[in-house]
$ cat target-v8.tsv   # TSV, C-alpha atoms
chain	number	residue	atom	x	y	z
A	1	MET	CA	-25.94	6.23	22.67
A	2	ALA	CA	-22.59	7.89	22.03
A	3	PRO	CA	-20.75	6.21	19.18
A	4	VAL	CA	-18.15	3.82	20.53
A	5	ARG	CA	-15.46	3.64	17.94
A	6	SER	CA	-12.74	1.15	17.46
A	7	SER	CA	-9.78	2.08	15.27
A	8	ALA	CA	-11.13	-0.40	12.72
A	9	THR	CA	-14.43	1.31	11.89
A	10	GLY	CA	-15.50	4.27	9.78
A	11	PRO	CA	-12.57	6.37	8.53
A	12	GLY	CA	-10.25	3.91	10.31
A	13	ARG	CA	-10.98	1.40	7.56
A	14	VAL	CA	-9.55	3.80	5.00
A	15	LEU	CA	-6.43	4.13	7.15
A	16	VAL	CA	-6.09	0.35	7.36
A	17	ALA	CA	-6.37	0.13	3.55
A	18	VAL	CA	-3.54	2.62	3.06
A	19	TYR	CA	-1.42	0.84	5.67
A	20	ALA	CA	-2.06	-2.49	3.96
A	21	ILE	CA	-0.81	-1.11	0.64
A	22	PHE	CA	2.36	0.13	2.33
A	23	ALA	CA	2.78	-3.20	4.10
A	24	LEU	CA	2.59	-4.92	0.70
A	25	ALA	CA	4.96	-2.41	-0.92
A	26	ALA	CA	7.53	-2.51	1.89
A	27	THR	CA	7.41	-6.30	2.27
A	28	SER	CA	7.82	-6.92	-1.45
A	29	ARG	CA	10.64	-4.41	-1.75
A	30	ALA	CA	12.50	-5.78	1.27
A	31	GLY	CA	11.93	-9.34	0.05
A	32	VAL	CA	13.42	-8.60	-3.34
A	33	GLN	CA	16.35	-6.64	-1.88
A	34	ILE	CA	17.25	-9.31	0.66
A	35	GLY	CA	16.61	-12.16	-1.74
A	36	THR	CA	18.77	-10.77	-4.55
A	37	LYS	CA	21.50	-8.51	-3.11
A	38	PHE	CA	21.53	-8.47	0.68
A	39	HIS	CA	25.39	-8.41	0.74
A	40	GLU	CA	25.50	-5.06	-1.10
A	41	ALA	CA	24.07	-3.09	1.82
A	42	PRO	CA	23.06	-5.31	4.76
A	43	LEU	CA	22.20	-2.36	7.04
A	44	ALA	CA	19.94	-0.59	4.53
A	45	TYR	CA	18.17	-3.79	3.50
A	46	GLY	CA	17.87	-4.91	7.12
A	47	LEU	CA	16.17	-1.61	7.93
A	48	SER	CA	14.01	-2.06	4.84
A	49	ALA	CA	12.82	-5.37	6.29
A	50	PHE	CA	12.28	-3.74	9.69
A	51	ALA	CA	10.08	-1.08	8.05
A	52	ALA	CA	8.10	-3.84	6.38
A	53	VAL	CA	7.51	-5.60	9.71
A	54	VAL	CA	6.37	-2.31	11.31
A	55	TYR	CA	3.84	-1.73	8.50
A	56	VAL	CA	2.51	-5.27	8.76
A	57	VAL	CA	2.11	-5.00	12.55
A	58	ALA	CA	0.48	-1.55	12.29
A	59	THR	CA	-1.94	-2.79	9.62
A	60	ILE	CA	-3.00	-5.82	11.65
A	61	ALA	CA	-3.28	-3.89	14.94
A	62	LEU	CA	-5.32	-1.05	13.37
A	63	ALA	CA	-7.57	-3.59	11.67
A	64	LYS	CA	-8.15	-5.51	14.92
A	65	GLY	CA	-8.83	-2.39	16.99
A	66	ASP	CA	-9.94	-2.57	20.64
A	67	ARG	CA	-7.37	-4.57	22.59
A	68	TRP	CA	-4.82	-4.01	19.85
A	69	TRP	CA	-4.89	-0.25	20.46
A	70	TRP	CA	-1.55	-0.26	22.33
A	71	VAL	CA	0.12	-2.37	19.66
A	72	ALA	CA	-1.13	-0.01	16.96
A	73	THR	CA	0.07	3.03	18.91
A	74	ALA	CA	3.49	1.48	19.47
A	75	ALA	CA	3.78	0.52	15.78
A	76	CYS	CA	2.79	3.99	14.56
A	77	THR	CA	5.24	5.62	16.99
A	78	VAL	CA	8.11	3.37	15.87
A	79	GLU	CA	7.09	4.11	12.28
A	80	LEU	CA	7.25	7.88	12.82
A	81	LEU	CA	10.63	7.65	14.57
A	82	GLY	CA	11.85	5.27	11.86
A	83	VAL	CA	10.91	7.48	8.93
A	84	LEU	CA	12.49	10.51	10.64
A	85	ALA	CA	15.69	8.62	11.54
A	86	ILE	CA	16.14	6.78	8.22
A	87	GLY	CA	15.06	9.88	6.29
A	88	THR	CA	17.78	11.94	7.97
A	89	LEU	CA	20.40	9.19	7.71
A	90	SER	CA	19.70	8.67	4.01
A	91	ILE	CA	20.34	12.36	3.33
A	92	PHE	CA	23.59	12.62	5.32
A	93	ASP	CA	25.02	9.21	4.55
A	94	ARG	CA	23.90	8.37	1.02
A	95	ALA	CA	26.57	5.68	0.69
A	96	ALA	CA	24.89	3.57	3.39
A	97	PHE	CA	21.63	3.65	1.39
A	98	PRO	CA	22.64	2.83	-2.18
A	99	GLN	CA	19.09	1.96	-3.08
A	100	ALA	CA	15.77	3.31	-2.00
A	101	THR	CA	13.89	1.92	0.98
A	102	VAL	CA	10.37	3.02	1.85
A	103	TRP	CA	11.76	5.47	4.40
A	104	SER	CA	14.62	6.94	2.32
A	105	VAL	CA	14.54	10.76	2.22
A	106	TYR	CA	11.38	10.70	4.38
A	107	GLY	CA	9.54	8.54	1.87
A	108	GLN	CA	10.21	10.76	-1.13
A	109	GLY	CA	9.80	7.86	-3.54
A	110	TYR	CA	6.31	7.30	-2.14
A	111	LEU	CA	5.07	10.92	-2.35
A	112	PHE	CA	6.08	11.43	1.32
A	113	ILE	CA	3.08	9.35	2.35
A	114	PRO	CA	5.33	7.35	4.78
A	115	LEU	CA	5.95	10.62	6.64
A	116	VAL	CA	2.31	11.69	6.79
A	117	LEU	CA	0.81	8.25	7.48
A	118	PRO	CA	2.08	7.73	11.07
A	119	VAL	CA	0.95	11.24	12.00
A	120	ILE	CA	-2.56	10.54	10.73
A	121	GLY	CA	-2.38	7.10	12.37
A	122	LEU	CA	-1.47	8.50	15.77
A	123	TYR	CA	-4.14	11.20	15.46
A	124	TRP	CA	-6.74	8.55	14.67
A	125	LEU	CA	-5.55	6.37	17.56
A	126	ARG	CA	-5.89	9.34	19.92
A	127	ARG	CA	-9.46	9.76	18.73
A	128	THR	CA	-10.19	6.10	19.35
A	129	ALA	CA	-8.20	5.70	22.59
A	130	PRO	CA	-9.78	3.24	25.08
A	131	ALA	CA	-9.95	5.90	27.86
A	132	ARG	CA	-11.80	8.26	25.57
A	133	ARG	CA	-14.23	5.59	24.57
A	134	VAL	CA	-15.05	4.91	28.21
A	135	GLU	CA	-15.73	8.63	28.61
A	136	ALA	CA	-17.95	8.55	25.54
A	137	ASP	CA	-20.10	5.86	27.15
B	1	MET	CA	5.81	-6.20	-22.12
B	2	ILE	CA	3.14	-4.57	-24.21
B	3	VAL	CA	3.34	-1.05	-22.78
B	4	GLY	CA	0.17	0.13	-24.52
B	5	PHE	CA	-1.87	-2.58	-22.83
B	6	SER	CA	-0.46	-1.83	-19.38
B	7	VAL	CA	-1.09	1.89	-19.83
B	8	THR	CA	-4.70	1.02	-20.72
B	9	VAL	CA	-4.98	-1.04	-17.52
B	10	ALA	CA	-3.56	1.86	-15.49
B	11	VAL	CA	-5.97	4.38	-17.06
B	12	CYS	CA	-8.97	2.09	-16.44
B	13	ALA	CA	-7.96	1.68	-12.78
B	14	LEU	CA	-7.48	5.43	-12.43
B	15	LEU	CA	-10.92	6.15	-13.91
B	16	THR	CA	-12.47	3.58	-11.55
B	17	ALA	CA	-10.70	5.28	-8.62
B	18	LEU	CA	-12.09	8.66	-9.68
B	19	ALA	CA	-15.58	7.17	-9.97
B	20	ALA	CA	-15.23	5.72	-6.46
B	21	PHE	CA	-14.09	9.03	-4.97
B	22	ALA	CA	-16.93	10.84	-6.77
B	23	GLN	CA	-19.41	8.37	-5.25
B	24	SER	CA	-17.97	8.77	-1.76
B	25	ALA	CA	-18.14	12.57	-2.12
B	26	ARG	CA	-21.88	12.11	-2.70
B	27	ASN	CA	-22.09	9.87	0.38
B	28	ARG	CA	-22.94	6.79	-1.64
B	29	LEU	CA	-22.26	3.18	-0.80
B	30	PRO	CA	-20.42	1.19	-3.47
B	31	ASP	CA	-22.93	0.26	-6.18
B	32	ARG	CA	-22.96	-2.55	-8.73
B	33	PRO	CA	-21.52	-0.55	-11.66
B	34	LEU	CA	-18.53	0.42	-9.48
B	35	LEU	CA	-17.92	-3.18	-8.41
B	36	ALA	CA	-18.30	-4.28	-12.06
B	37	ALA	CA	-15.65	-1.71	-13.06
B	38	LEU	CA	-13.37	-3.14	-10.38
B	39	GLY	CA	-13.96	-6.62	-11.80
B	40	ILE	CA	-13.04	-5.44	-15.30
B	41	VAL	CA	-9.78	-3.89	-14.05
B	42	GLU	CA	-8.94	-7.17	-12.28
B	43	VAL	CA	-9.57	-9.15	-15.49
B	44	LEU	CA	-7.26	-6.74	-17.36
B	45	LEU	CA	-4.60	-7.29	-14.66
B	46	VAL	CA	-4.88	-11.06	-15.10
B	47	ALA	CA	-4.48	-10.56	-18.87
B	48	GLN	CA	-1.39	-8.46	-18.14
B	49	LEU	CA	0.03	-11.30	-16.05
B	50	VAL	CA	-0.57	-13.77	-18.90
B	51	ILE	CA	1.10	-11.41	-21.41
B	52	GLY	CA	4.03	-10.89	-19.03
B	53	VAL	CA	4.56	-14.61	-18.48
B	54	VAL	CA	4.29	-15.36	-22.22
B	55	LEU	CA	6.96	-12.72	-22.97
B	56	LEU	CA	9.23	-14.11	-20.24
B	57	ALA	CA	8.76	-17.58	-21.68
B	58	GLY	CA	9.72	-16.15	-25.08
B	59	GLY	CA	13.10	-15.13	-23.67
B	60	GLU	CA	12.60	-11.41	-23.03
B	61	ARG	CA	14.00	-10.14	-19.73
B	62	PRO	CA	13.12	-7.13	-17.54
B	63	GLY	CA	15.64	-5.04	-15.55
B	64	SER	CA	15.09	-7.18	-12.47
B	65	LEU	CA	13.20	-10.43	-12.80
B	66	ALA	CA	12.34	-10.69	-9.09
B	67	THR	CA	10.98	-7.13	-8.89
B	68	TYR	CA	9.08	-7.58	-12.13
B	69	LEU	CA	7.38	-10.76	-10.91
B	70	ALA	CA	6.62	-9.12	-7.53
B	71	TYR	CA	4.76	-6.27	-9.23
B	72	LEU	CA	3.13	-8.51	-11.83
B	73	ILE	CA	1.66	-10.80	-9.17
B	74	GLY	CA	1.34	-8.20	-6.38
B	75	CYS	CA	-0.95	-5.93	-8.36
B	76	LEU	CA	-3.44	-8.82	-8.70
B	77	LEU	CA	-3.93	-8.92	-4.91
B	78	VAL	CA	-4.84	-5.29	-4.29
B	79	LEU	CA	-8.38	-5.20	-5.70
B	80	PRO	CA	-9.77	-8.48	-4.27
B	81	VAL	CA	-8.34	-7.81	-0.81
B	82	GLY	CA	-9.39	-4.15	-0.97
B	83	ALA	CA	-12.93	-5.09	-2.05
B	84	ALA	CA	-13.24	-7.70	0.73
B	85	TRP	CA	-12.12	-5.15	3.33
B	86	ALA	CA	-14.36	-2.44	1.87
B	87	LEU	CA	-17.50	-4.57	1.82
B	88	ALA	CA	-17.02	-6.11	5.29
B	89	GLU	CA	-18.39	-2.91	6.81
B	90	ARG	CA	-20.64	-1.03	4.42
B	91	SER	CA	-20.36	2.69	4.97
B	92	ARG	CA	-19.21	5.75	3.15
B	93	SER	CA	-15.68	4.58	3.96
B	94	SER	CA	-16.21	1.45	1.82
B	95	THR	CA	-16.32	3.58	-1.30
B	96	VAL	CA	-13.15	5.43	-0.29
B	97	VAL	CA	-11.36	2.12	0.41
B	98	LEU	CA	-12.30	0.90	-3.10
B	99	GLY	CA	-10.97	4.17	-4.53
B	100	ILE	CA	-7.66	3.80	-2.72
B	101	ALA	CA	-7.27	0.18	-3.84
B	102	CYS	CA	-7.91	1.32	-7.44
B	103	LEU	CA	-5.39	4.15	-7.03
B	104	ALA	CA	-2.66	1.69	-6.01
B	105	VAL	CA	-3.05	-0.22	-9.30
B	106	PRO	CA	-1.79	2.48	-11.73
B	107	VAL	CA	1.15	3.19	-9.41
B	108	MET	CA	2.13	-0.48	-9.44
B	109	VAL	CA	1.57	-0.80	-13.20
B	110	LEU	CA	3.75	2.26	-13.91
B	111	ARG	CA	6.52	0.76	-11.74
B	112	LEU	CA	6.03	-2.52	-13.62
B	113	ILE	CA	6.63	-0.71	-16.92
B	114	GLU	CA	9.75	1.01	-15.50
B	115	VAL	CA	11.15	-2.29	-14.27
B	116	TRP	CA	10.47	-3.91	-17.64
B	117	HIS	CA	12.50	-1.15	-19.30
B	118	GLY	CA	15.50	-1.73	-17.08
B	119	ALA	CA	14.93	-0.11	-13.70
B	120	SER	CA	16.44	-2.47	-11.15
B	121	ALA	CA	14.05	-2.07	-8.21

$ encode --input "target-v8.tsv" --output "structure tokens"
Amino acid sequence: MAPVRSSATGPGRVLVAVYAIFALAATSRAGVQIGTKFHEAPLAYGLSAFAAVVYVVATIALAKGDRWWWVATAACTVELLGVLAIGTLSIFDRAAFPQATVWSVYGQGYLFIPLVLPVIGLYWLRRTAPARRVEAD
Amino acid sequence: MIVGFSVTVAVCALLTALAAFAQSARNRLPDRPLLAALGIVEVLLVAQLVIGVVLLAGGERPGSLATYLAYLIGCLLVLPVGAAWALAERSRSSTVVLGIACLAVPVMVLRLIEVWHGASA
């Protein structure tokens, strides 16, 4: 029987683990920023919270697999667009981002993992796409 | 914060991560010694929390109290959750997941030390 793979098995479990760590990092950072100094830069900290939500959704969807495939794909796509947009904005308008978010300068403060992660995520989702799995059967 | 102790915790976690990656390179499932090492790192992290809280109670203050507490408590979660996720499906990936969870610990501990010395976030 051809292996039927959900995004949540095999190497996908490693991906979920990395996503979970970023979900924790982004959520904690956004929580602290919003809880202690939201008024200093509402836009930047709002986006920080948005990034956190995207990571949490991506983690859960990748971990659930199967029917959550579309949710995972949407989350990873938004994540890629987000890191590119915020990364670019943070370089050209430093004043709007007085303090680092996960996506500042394309995730520089996190070894650029935030930039690489959605690419690997989308690649993995392509490999585990429902249509492909039907073909594999 | 006792920096020496936290550095020790970080080094132990790093060594455990290396051991996990070495095991996965040899296609091994997580074995008892590896899980025991994870347990030891977690105990050290709990000790770090106790030391941190005692110092706070003694009146010392980090650069940002909220960030400091987030790291102090957050780094306790990584190994138990990582181990649960790793062992739910036993495969070569389990060992890699354990390695990644261990790798997150020194990063968080180093940030913890920075925050204690005045970094704000």

$ interface_residues --input "target-v8.tsv" --of "chain A" --to "chain B" --cutoff "12 Å" --atoms "only C-alpha atoms" --output "ChimeraX atom specification"
/A:8-37,63,98-102,109-111

$ atom_distance --input "target-v8.tsv" --atom1 "CA of Ala72 (chain A)" --atom2 "CA of Ala58 (chain A)"
5.2 Å

$ atom_distance --input "target-v8.tsv" --atom1 "CA of Gly39 (chain B)" --atom2 "CA of Val7 (chain B)"
17.4 Å

$ atom_distance --input "target-v8.tsv" --atom1 "CA of Phe112 (chain A)" --atom2 "CA of Ala74 (chain A)"
20.9 Å

$ residues_around --input "target-v8.tsv" --residues "region 53-62 of chain B" --least-positions-apart "4" --cutoff "7 Å" --atoms "only C-alpha atoms" --output "list in words"
Met1, Leu49, Tyr68, Val115, Trp116, His117 and Gly118 of chain B

$ decode --input "target-v8.tsv" --residues "region 97-136 of chain A" --atoms "N, CA and C atoms" --output "mmCIF file, in the first residue's frame"
data_model
loop_
_atom_site.group_PDB
_atom_site.id
_atom_site.type_symbol
_atom_site.label_atom_id
_atom_site.label_comp_id
_atom_site.auth_asym_id
_atom_site.auth_seq_id
_atom_site.Cartn_x
_atom_site.Cartn_y
_atom_site.Cartn_z
ATOM 1 N N PHE A 97 8.545 50.501 14.066
ATOM 2 C CA PHE A 97 8.855 49.249 14.765
ATOM 3 C C PHE A 97 9.977 49.471 15.773
ATOM 4 N N PRO A 98 9.652 50.207 16.845
ATOM 5 C CA PRO A 98 10.697 50.568 17.809
ATOM 6 C C PRO A 98 11.302 49.350 18.488
ATOM 7 N N GLN A 99 10.527 48.268 18.530
ATOM 8 C CA GLN A 99 11.040 47.093 19.210
ATOM 9 C C GLN A 99 10.762 45.863 18.372
ATOM 10 N N ALA A 100 11.609 44.887 18.517
ATOM 11 C CA ALA A 100 11.534 43.728 17.631
ATOM 12 C C ALA A 100 10.215 42.974 17.758
ATOM 13 N N THR A 101 9.672 42.532 16.630
ATOM 14 C CA THR A 101 8.627 41.529 16.609
ATOM 15 C C THR A 101 9.263 40.301 15.953
ATOM 16 N N VAL A 102 8.536 39.211 15.933
ATOM 17 C CA VAL A 102 9.106 37.983 15.365
ATOM 18 C C VAL A 102 9.482 38.179 13.896
ATOM 19 N N TRP A 103 8.713 39.060 13.211
ATOM 20 C CA TRP A 103 8.912 39.209 11.771
ATOM 21 C C TRP A 103 9.787 40.402 11.397
ATOM 22 N N SER A 104 10.310 41.145 12.377
ATOM 23 C CA SER A 104 11.146 42.301 12.068
ATOM 24 C C SER A 104 12.385 41.864 11.298
ATOM 25 N N VAL A 105 12.743 42.661 10.272
ATOM 26 C CA VAL A 105 13.913 42.358 9.432
ATOM 27 C C VAL A 105 13.930 40.869 9.057
ATOM 28 N N TYR A 106 12.796 40.397 8.570
ATOM 29 C CA TYR A 106 12.645 39.009 8.092
ATOM 30 C C TYR A 106 13.021 37.966 9.155
ATOM 31 N N GLY A 107 12.779 38.308 10.416
ATOM 32 C CA GLY A 107 13.053 37.339 11.473
ATOM 33 C C GLY A 107 14.515 37.238 11.860
ATOM 34 N N GLN A 108 15.232 38.338 11.661
ATOM 35 C CA GLN A 108 16.669 38.367 11.974
ATOM 36 C C GLN A 108 16.971 37.924 13.407
ATOM 37 N N GLY A 109 16.133 38.418 14.343
ATOM 38 C CA GLY A 109 16.360 38.088 15.749
ATOM 39 C C GLY A 109 16.130 36.619 16.062
ATOM 40 N N TYR A 110 15.577 35.900 15.103
ATOM 41 C CA TYR A 110 15.301 34.465 15.311
ATOM 42 C C TYR A 110 16.022 33.647 14.232
ATOM 43 N N LEU A 111 17.254 34.088 13.909
ATOM 44 C CA LEU A 111 18.105 33.376 12.938
ATOM 45 C C LEU A 111 17.439 33.197 11.577
ATOM 46 N N PHE A 112 16.517 34.101 11.230
ATOM 47 C CA PHE A 112 15.791 34.054 9.951
ATOM 48 C C PHE A 112 14.924 32.804 9.809
ATOM 49 N N ILE A 113 14.737 32.080 10.898
ATOM 50 C CA ILE A 113 13.869 30.892 10.834
ATOM 51 C C ILE A 113 12.448 31.284 10.401
ATOM 52 N N PRO A 114 11.906 32.456 10.891
ATOM 53 C CA PRO A 114 10.551 32.837 10.450
ATOM 54 C C PRO A 114 10.417 32.991 8.936
ATOM 55 N N LEU A 115 11.518 33.254 8.249
ATOM 56 C CA LEU A 115 11.481 33.393 6.792
ATOM 57 C C LEU A 115 11.508 32.018 6.117
ATOM 58 N N VAL A 116 12.278 31.112 6.679
ATOM 59 C CA VAL A 116 12.459 29.785 6.082
ATOM 60 C C VAL A 116 11.268 28.866 6.394
ATOM 61 N N LEU A 117 10.729 29.029 7.619
ATOM 62 C CA LEU A 117 9.692 28.119 8.100
ATOM 63 C C LEU A 117 8.458 28.015 7.190
ATOM 64 N N PRO A 118 7.855 29.155 6.759
ATOM 65 C CA PRO A 118 6.674 29.018 5.894
ATOM 66 C C PRO A 118 6.999 28.361 4.558
ATOM 67 N N VAL A 119 8.209 28.555 4.058
ATOM 68 C CA VAL A 119 8.599 27.930 2.792
ATOM 69 C C VAL A 119 8.638 26.412 2.969
ATOM 70 N N ILE A 120 9.276 25.969 4.062
ATOM 71 C CA ILE A 120 9.316 24.530 4.336
ATOM 72 C C ILE A 120 7.899 24.012 4.588
ATOM 73 N N GLY A 121 7.101 24.815 5.319
ATOM 74 C CA GLY A 121 5.724 24.437 5.618
ATOM 75 C C GLY A 121 4.913 24.216 4.350
ATOM 76 N N LEU A 122 5.004 25.179 3.425
ATOM 77 C CA LEU A 122 4.231 25.073 2.188
ATOM 78 C C LEU A 122 4.722 23.902 1.334
ATOM 79 N N TYR A 123 6.035 23.677 1.339
ATOM 80 C CA TYR A 123 6.589 22.537 0.612
ATOM 81 C C TYR A 123 6.024 21.231 1.171
ATOM 82 N N TRP A 124 6.025 21.140 2.512
ATOM 83 C CA TRP A 124 5.516 19.933 3.158
ATOM 84 C C TRP A 124 4.030 19.746 2.890
ATOM 85 N N LEU A 125 3.279 20.856 2.879
ATOM 86 C CA LEU A 125 1.843 20.773 2.618
ATOM 87 C C LEU A 125 1.571 20.328 1.179
ATOM 88 N N ARG A 126 2.431 20.758 0.246
ATOM 89 C CA ARG A 126 2.301 20.312 -1.137
ATOM 90 C C ARG A 126 2.497 18.802 -1.229
ATOM 91 N N ARG A 127 3.480 18.329 -0.455
ATOM 92 C CA ARG A 127 3.763 16.883 -0.443
ATOM 93 C C ARG A 127 2.608 16.082 0.146
ATOM 94 N N THR A 128 1.870 16.715 1.060
ATOM 95 C CA THR A 128 0.808 15.974 1.753
ATOM 96 C C THR A 128 -0.574 16.441 1.313
ATOM 97 N N ALA A 129 -0.641 17.121 0.154
ATOM 98 C CA ALA A 129 -1.930 17.641 -0.331
ATOM 99 C C ALA A 129 -2.952 16.522 -0.506
ATOM 100 N N PRO A 130 -4.234 16.781 -0.160
ATOM 101 C CA PRO A 130 -5.272 15.746 -0.263
ATOM 102 C C PRO A 130 -5.341 15.115 -1.654
ATOM 103 N N ALA A 131 -5.259 15.930 -2.736
ATOM 104 C CA ALA A 131 -5.344 15.404 -4.099
ATOM 105 C C ALA A 131 -4.233 14.387 -4.356
ATOM 106 N N ARG A 132 -3.037 14.746 -3.892
ATOM 107 C CA ARG A 132 -1.899 13.861 -4.085
ATOM 108 C C ARG A 132 -2.073 12.549 -3.344
ATOM 109 N N ARG A 133 -2.716 12.673 -2.165
ATOM 110 C CA ARG A 133 -2.863 11.447 -1.386
ATOM 111 C C ARG A 133 -3.882 10.517 -2.033
ATOM 112 N N VAL A 134 -4.866 11.099 -2.696
ATOM 113 C CA VAL A 134 -5.826 10.260 -3.424
ATOM 114 C C VAL A 134 -5.086 9.535 -4.559
ATOM 115 N N GLU A 135 -4.225 10.278 -5.262
ATOM 116 C CA GLU A 135 -3.430 9.670 -6.320
ATOM 117 C C GLU A 135 -2.579 8.524 -5.772
ATOM 118 N N ALA A 136 -2.012 8.748 -4.599
ATOM 119 C CA ALA A 136 -1.120 7.751 -4.009
ATOM 120 C C ALA A 136 -1.873 6.452 -3.710
#
